[in-house]
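Have a look at the structure below before the remarks.
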Number of protein chains: 2
Amino acid sequence: VFANPGTSELALVDALALHGPRPILVAHELAATGAADAQARLLGLGAALLHLGPGLANGLSFVHNARRARSPLLVLLGEHPRTHLTLDPPLALRSDALATAIDAPFVVVDDPAQAASQLRIAASCAQRRRGPVIVALDAVAMERDLEAPSAPEAVLASEPPEPPAGRLEAAASLLGAGEAVLLLGGRALEPPARRLAFGIAAATGARVLAETFPAVHDYGRGAGLIERLAYLPELARPALSQARALVLVGTPWPVAWFAHPGVEARLWPPDAPVLRVDEGDVDEAALLGRLAEALGAPALEGSEAEPPPLQPEGAAIDAAALTAAIVRAVRDGDVVVDEARTSAPGLYEALATAAPHTYVGHPGGAIGEGISLGLGAATLGRRVLAVVADGGSLYAPQALWTMAREGTDATIVILANGGYRILEIEQQLQGLPPRPAMTRLAEPAWDFAGLARSMGARATTAGTAGELSATLAQARGVSVIVAQLES
Amino acid sequence: VFANPGTSELALVDALALHGPRPILVAHELAATGAADAQARLLGLGAALLHLGPGLANGLSFVHNARRARSPLLVLLGEHPRTHLTLDPPLALRSDALATAIDAPFVVVDDPAQAASQLRIAASCAQRRRGPVIVALDAVAMERDLEAPSAPEAVLASEPPEPPAGRLEAAASLLGAGEAVLLLGGRALEPPARRLAFGIAAATGARVLAETFPAVHDYGRGAGLIERLAYLPELARPALSQARALVLVGTPWPVAWFAHPGVEARLWPPDAPVLRVDEGDVDEAALLGRLAEALGAPALEGSEAEPPPLQPEGAAIDAAALTAAIVRAVRDGDVVVDEARTSAPGLYEALATAAPHTYVGHPGGAIGEGISLGLGAATLGRRVLAVVADGGSLYAPQALWTMAREGTDATIVILANGGYRILEIEQQLQGLPPRPAMTRLAEPAWDFAGLARSMGARATTAGTAGELSATLAQARGVSVIVAQLES
């Protein structure tokens, strides 16, 4: 349980310290919710403990990300009892409205005798819904009874329901008619599901694409390459423009992240039918199997490619150099966290050639979760390689401290281009003049290495492709590598 | 306008850069909302520009503080248009529910032709309500029309209404009956209002107290000393226990911050009547004048005291040493930001002996706003002296970068006791065992000086009373002083 507790959570903290799961201290709520989101993706359940409504507000944007990543996540608050809320004490705000904002269930637990069973139900709900559940534990009730609970029963998610019968037939029909796009997300990107998709593609001529920012899946050599839908609509639209139909498994409709005047936000052709085969609570990988069966398509291995070529040692660190170095730095069993955004657009595809690893991406878009996701993975005993952007790294750098404190093995590459590059790209696309005062992280430049060292991490700076490869090879413990990109 | 913009705010950023008010870049949303809160308190209006719902979530806890500080604050978002929200793009969440959580009005502006007048109305609403207003500007609508608006009319808050006639009489009667406590907050703590309160006290024998964490008022020598109500209920309750009645001006009922089993949260005696004289939109200073008039009490100067004695140069930095050094470091016209919390409980009273300054406190309790408040004050051209706790300083340290970037004159004293001391105090009070793994910011210790330098601030460490005084005297530009307290 990643915790940034206040006074109203102290009885809970004490109970966790006595009975587990072990509370892990973080110095900012975003580090708690981001780390718990990673554990939810990797373990099937994650938990954070925050202080009242203001603590939930501070951590909420990564709970939003967890919702978009379909992460079974419990967020625990030591909340004021109702009687105290009626007095409107200084820290009171409407935590339930915060849950409403991200469409998360909000459960109030105010009876210690019911707390264990209510928490089990909340955990099952998070697993069944595959999303966050906010649990407000009445701080006074929790303080009244600190007895050890009876041993908790195992938390089991129930079997997912069957999809409506006609939907699989309709999907098979759209794919069978040819020239369809099969867009995969969620568990449909796991290697066995990919092989089913390759079989469907071979049988129907469909083009297989991955969603833009996958949440989590096993990856690397042997998984098989699936190109992902680009983030920028200008690049994504051409990939879908020839589709006669769009079949979605484990991912929502592909729409532009932002709206612009006179521009259609849906990225597929207006005359192409679109069908999402799964509902929220269906196992999309199993569903893909039934779709393959309906089409009589056997599983096929995906194509394998060579890693992108290493750039000359003295070369500047551009997207090609970065991608080549990162791919080679992945070790068998790593968790690779990808929040590289604008600096390494081809990284996802290139990671299909890396050592086998677990890929953790960034579906929700609330920026800066990469380091916190790395914290969550690293405290599971996994080695972590996280690639994050410099602007994004400033939203929750505090996660580095807990990484160091927990003695984890995590390498964090900060891609330092000295600004919010995505804003500069968008300014160009919108025909706006550059406003460097509002997009450059300069004057003064941030000393990212110094920032990392202040929290107990090692830190080095790499200015060339060769330096990047060398520092990646030498990294141990918690190591931050500041990769100086051309800005 | 303190801004942490995303792609959907770029047209707004461009318009602000062209026409003003000038956008000031911050690297985290809390720095934006905290700085804007300070300007709202000092100027009567402040503004922040954030990115969609997730950006608002990241900055929301200091908007909560602004609500508790009664700060007229505009929070602007470049929001998705309704048509785009129906497609549920990745960054969509219900921003209106975030506003509901803190009881703030939520205004949607989707017509560029109406934007200027709607913003004027929103600003008036913030000033009239004395609280935050969230304005969601349709990003597509704003992108359609970048013409310069006509010169805006001055934003004028309307005259506050009169309080109900009987309430002043009732307050005068309670005070006139003797042994009452007159608890002051808001504008009733400004020096002229204090003099009225001193007159009322002399005429009626009432005891005058200040609310625990005042938001903003002019202060220092000449203002007159008013003891404040202690934060801990164990200390606050005795100050009110002899009260036969409680009269409140500019402050809500005094209640404990947190509830505990079997403990009454109201801090005044159960048989004492309580009356709040002002409503939210009344000028509480003017009201105090009418109350004094009703009681026939002329204004009186408050008592003056000597600054607390300097401690020996080699002494450790305890509360006494800290308070003595801070009070002497205040220069005429400074803004003093006080988020010292547990480390300097007598600081507020001692600041009555400092050079004339503006005091900015921390009514909302969402922790870590001190540096951001300092940023807002410093960018008004005021010299800032901010006193913050080490645990709290980790919630939004990014404000230091913008302080450096804007060339401000700000000294930030970080009180480094190496942990969340308030949690340790509460553990003792609740009879819980110490859990240092969950309360100590140690293993590794944070290098607060290194953290500050990484953002372009100067930084020094002071280990004795003498070193603290010396570093305070030498501070210039943006200077962080890490005061090493005994932990």
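Within each chain, counting starts at residue 1; across the structure tokens, chains are named A, B, ... in the order shown, with ligands numbered 1 upward in that order.
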Query raised in the report: Could you list, as number ranges by chain, every residue of chain B that has an atom within 6 Å of an atom of chain A, counting only C-alpha atoms?
Result: B: 7, 25, 28, 54, 57-58, 61, 89-91, 93-94, 97-98, 101-102, 140, 257, 260-261, 364-366, 395, 405, 423, 438, 443-444, 446-447, 450-451, 454-456
**Report entry** Shell around Arg194 of chain A at 10 Å using only C-alpha atoms, local window under 2 positions removed, as a PyMOL selection string
**Finding:** chain A and resi 184+187-192+196-200+208+210+223-226+285+288+299-302
Based on the selection just made, write C-alpha atoms of those residues as an mmCIF file, in the first residue's frame.
data_model
loop_
_atom_site.group_PDB
_atom_site.id
_atom_site.type_symbol
_atom_site.label_atom_id
_atom_site.label_comp_id
_atom_site.auth_asym_id
_atom_site.auth_seq_id
_atom_site.Cartn_x
_atom_site.Cartn_y
_atom_site.Cartn_z
ATOM 1 C CA LEU A 184 -6.238 -4.268 -30.404
ATOM 2 C CA ARG A 187 -5.161 -8.040 -22.917
ATOM 3 C CA ALA A 188 -5.618 -8.519 -26.655
ATOM 4 C CA LEU A 189 -2.000 -7.310 -26.962
ATOM 5 C CA GLU A 190 -0.579 -10.199 -24.904
ATOM 6 C CA PRO A 191 1.615 -12.498 -27.027
ATOM 7 C CA PRO A 192 -0.869 -15.425 -27.288
ATOM 8 C CA LEU A 196 -4.495 -15.169 -32.816
ATOM 9 C CA ALA A 197 -4.646 -11.730 -34.423
ATOM 10 C CA PHE A 198 -1.879 -12.651 -36.878
ATOM 11 C CA GLY A 199 -3.922 -15.714 -37.808
ATOM 12 C CA ILE A 200 -7.035 -13.609 -38.345
ATOM 13 C CA VAL A 208 -3.793 -5.397 -37.314
ATOM 14 C CA ALA A 210 -2.281 -1.667 -31.602
ATOM 15 C CA ALA A 223 5.710 -11.438 -29.109
ATOM 16 C CA GLY A 224 5.436 -10.355 -32.726
ATOM 17 C CA LEU A 225 5.403 -6.857 -34.125
ATOM 18 C CA ILE A 226 2.156 -4.896 -34.283
ATOM 19 C CA ALA A 285 -7.916 -12.192 -25.102
ATOM 20 C CA LEU A 288 -10.150 -12.923 -29.672
ATOM 21 C CA ALA A 299 -2.765 -18.888 -34.515
ATOM 22 C CA LEU A 300 0.331 -17.702 -36.346
ATOM 23 C CA GLU A 301 3.718 -16.471 -35.151
ATOM 24 C CA GLY A 302 4.320 -12.811 -35.810
#
Requested in this report: Do a neighbour search on segment 44-50 of chain A at 8 Å with only C-alpha atoms, toss out local chain neighbours closer than 3 positions, and write the hits as a ChimeraX atom specification.
Outcome: /A:1-6,9,29,32-33,36-41,55-56,71-78,123,126-127
Query raised in the report: Given the choices B:Gly463, B:Gly34, B:Pro307, B:Pro214, which gets closest to Ala66 of chain B if the distance is worked out from only C-alpha atoms?
Result: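 Checking each candidate against Ala66 of chain B, we get B:Gly34 as the closest.
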**Report entry** 10 Å contact set for Gly314 of chain B, only C-alpha atoms, chain neighbours under 5 positions out, as a list in words
**Finding:**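 Residues meeting the cut-off are Gly463, Thr464, Ala465, Gly466 and Glu467 of chain B.
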Using N, CA and C atoms, can you write the selected residues to a file as a compact mmCIF listing (two decimals), in the first residue's frame?
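So selection30.txt came out as:
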# COMPACT_ATOMS: atom_id res chain seq x y z
N GLY B 463 22.89 25.32 10.80
CA GLY B 463 22.78 24.32 11.85
C GLY B 463 22.69 24.90 13.25
N THR B 464 22.94 26.21 13.37
CA THR B 464 22.87 26.87 14.68
C THR B 464 22.08 28.16 14.56
N ALA B 465 21.70 28.70 15.71
CA ALA B 465 20.97 29.96 15.73
C ALA B 465 21.76 31.06 15.04
N GLY B 466 23.08 31.09 15.28
CA GLY B 466 23.91 32.11 14.67
C GLY B 466 23.97 31.97 13.16
N GLU B 467 24.12 30.74 12.70
CA GLU B 467 24.16 30.51 11.25
C GLU B 467 22.84 30.90 10.59
Requested in this report: Quote the spacing between atom CA of Ala416 of chain B and atom CA of Leu12 of chain A in Å to one decimal place.
Outcome: 26.2 Å
Query raised in the report: Neighbours of Ala316 of chain B within 10 Å (only C-alpha atoms; same-chain residues fewer than 2 positions away dropped), as a ChimeraX atom specification?
Result: /B:311-314,318-322,462-468,483-486
List the spatial neighbours of Ala399 of chain A as a short mmCIF file (atom, residue, chain, number, x, y, z; two decimals) with N, CA and C atoms, in the first residue's frame - criterion: any atom at most 7 Å away, only C-alpha atoms, same-chain residues fewer than 6 positions off excluded.
data_model
loop_
_atom_site.label_atom_id
_atom_site.label_comp_id
_atom_site.auth_asym_id
_atom_site.auth_seq_id
_atom_site.Cartn_x
_atom_site.Cartn_y
_atom_site.Cartn_z
N VAL A 26 5.51 7.42 0.59
CA VAL A 26 5.88 8.30 -0.52
C VAL A 26 5.69 9.74 -0.06
N ALA A 31 2.89 9.98 -6.48
CA ALA A 31 3.77 8.81 -6.42
C ALA A 31 3.01 7.61 -5.89
N ILE A 371 7.74 7.77 -13.73
CA ILE A 371 8.62 7.43 -12.60
C ILE A 371 7.82 6.69 -11.53
N SER A 372 6.59 7.13 -11.28
CA SER A 372 5.76 6.47 -10.27
C SER A 372 5.38 5.06 -10.71
N LEU A 375 8.24 3.00 -9.89
CA LEU A 375 8.31 2.69 -8.46
C LEU A 375 7.44 1.48 -8.13
#
Requested in this report: Can you check which residues of segment 237-451 of chain B DSSP gives as strand (DSSP E) on the backbone and send them as a PyMOL selection string?
Outcome: chain B and resi 245-249+274-276+335-339+357-360+384-389+410-416
So that I have them on file, write out the residues from the current selection with C-alpha atoms, as a PDB file, in the first residue's frame.
ATOM      1  CA  ALA B 245     -20.347  33.418  24.879  1.00  0.00           C
ATOM      2  CA  LEU B 246     -18.452  33.251  21.588  1.00  0.00           C
ATOM      3  CA  VAL B 247     -18.750  36.045  19.027  1.00  0.00           C
ATOM      4  CA  LEU B 248     -17.197  35.358  15.620  1.00  0.00           C
ATOM      5  CA  VAL B 249     -16.273  37.956  13.037  1.00  0.00           C
ATOM      6  CA  VAL B 274     -22.087  31.185  19.687  1.00  0.00           C
ATOM      7  CA  LEU B 275     -22.866  33.852  17.094  1.00  0.00           C
ATOM      8  CA  ARG B 276     -21.192  34.547  13.798  1.00  0.00           C
ATOM      9  CA  VAL B 335       5.333  39.523   2.521  1.00  0.00           C
ATOM     10  CA  VAL B 336       5.842  36.887   5.206  1.00  0.00           C
ATOM     11  CA  VAL B 337       4.434  33.460   4.308  1.00  0.00           C
ATOM     12  CA  ASP B 338       3.904  31.272   7.353  1.00  0.00           C
ATOM     13  CA  GLU B 339       3.554  27.524   6.843  1.00  0.00           C
ATOM     14  CA  HIS B 357       4.786  43.502   6.623  1.00  0.00           C
ATOM     15  CA  THR B 358       1.921  41.563   5.069  1.00  0.00           C
ATOM     16  CA  TYR B 359       1.258  38.226   6.735  1.00  0.00           C
ATOM     17  CA  VAL B 360       0.080  35.326   4.559  1.00  0.00           C
ATOM     18  CA  VAL B 384       9.112  37.471   0.295  1.00  0.00           C
ATOM     19  CA  LEU B 385      10.174  35.653   3.438  1.00  0.00           C
ATOM     20  CA  ALA B 386       8.552  32.222   3.513  1.00  0.00           C
ATOM     21  CA  VAL B 387       8.837  29.754   6.368  1.00  0.00           C
ATOM     22  CA  VAL B 388       7.845  26.211   5.427  1.00  0.00           C
ATOM     23  CA  ALA B 389       8.177  22.727   6.865  1.00  0.00           C
ATOM     24  CA  ALA B 410      12.454  35.583  -2.047  1.00  0.00           C
ATOM     25  CA  THR B 411      13.967  33.828   0.940  1.00  0.00           C
ATOM     26  CA  ILE B 412      12.518  30.432   1.761  1.00  0.00           C
ATOM     27  CA  VAL B 413      13.379  28.885   5.115  1.00  0.00           C
ATOM     28  CA  ILE B 414      12.828  25.122   5.107  1.00  0.00           C
ATOM     29  CA  LEU B 415      12.458  23.820   8.642  1.00  0.00           C
ATOM     30  CA  ALA B 416      14.190  20.475   8.400  1.00  0.00           C
TER      31      ALA B 416
END
**Report entry** Residues within 10 Å of Asp332 of chain A, only C-alpha atoms, excluding chain neighbours under 3 positions, as an MDAnalysis selection string
**Finding:** chainID A and resid 220:221 329 335 354:358 383
Any chance you could export the current selection's N, CA and C atoms as a compact mmCIF listing (two decimals), in the first residue's frame?
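So result-v2.txt came out as:
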# COMPACT_ATOMS: atom_id res chain seq x y z
N GLY A 220 8.52 -7.97 -26.27
CA GLY A 220 9.89 -8.31 -26.64
C GLY A 220 9.91 -9.44 -27.65
N ARG A 221 11.13 -9.95 -27.89
CA ARG A 221 11.31 -11.00 -28.91
C ARG A 221 10.31 -12.13 -28.71
N ALA A 329 19.25 -2.08 -24.06
CA ALA A 329 19.44 -2.04 -22.61
C ALA A 329 18.41 -2.88 -21.87
N VAL A 335 10.74 -4.75 -16.43
CA VAL A 335 9.54 -3.98 -16.74
C VAL A 335 10.01 -2.70 -17.44
N ALA A 354 13.40 -6.39 -28.55
CA ALA A 354 14.21 -6.40 -27.32
C ALA A 354 14.08 -7.73 -26.59
N ALA A 355 14.87 -7.89 -25.54
CA ALA A 355 14.74 -9.09 -24.70
C ALA A 355 13.32 -9.15 -24.14
N PRO A 356 12.83 -10.35 -23.82
CA PRO A 356 11.47 -10.47 -23.30
C PRO A 356 11.29 -9.63 -22.02
N HIS A 357 10.21 -8.87 -21.97
CA HIS A 357 9.99 -7.96 -20.86
C HIS A 357 8.49 -7.71 -20.72
N THR A 358 8.12 -6.94 -19.71
CA THR A 358 6.73 -6.49 -19.59
C THR A 358 6.70 -5.01 -19.93
N ARG A 383 13.32 -5.61 -12.11
CA ARG A 383 14.18 -4.54 -12.58
C ARG A 383 13.38 -3.67 -13.54
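One finds atom CA of Arg130 of chain A at 26.1 Å from atom CA of Asp111 of chain A.
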**Report entry** Distance in Å - atom CA of Pro298 of chain A versus atom CA of Glu162 of chain A
**Finding:**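 Between atom CA of Pro298 of chain A and atom CA of Glu162 of chain A the gap is 22.0 Å.
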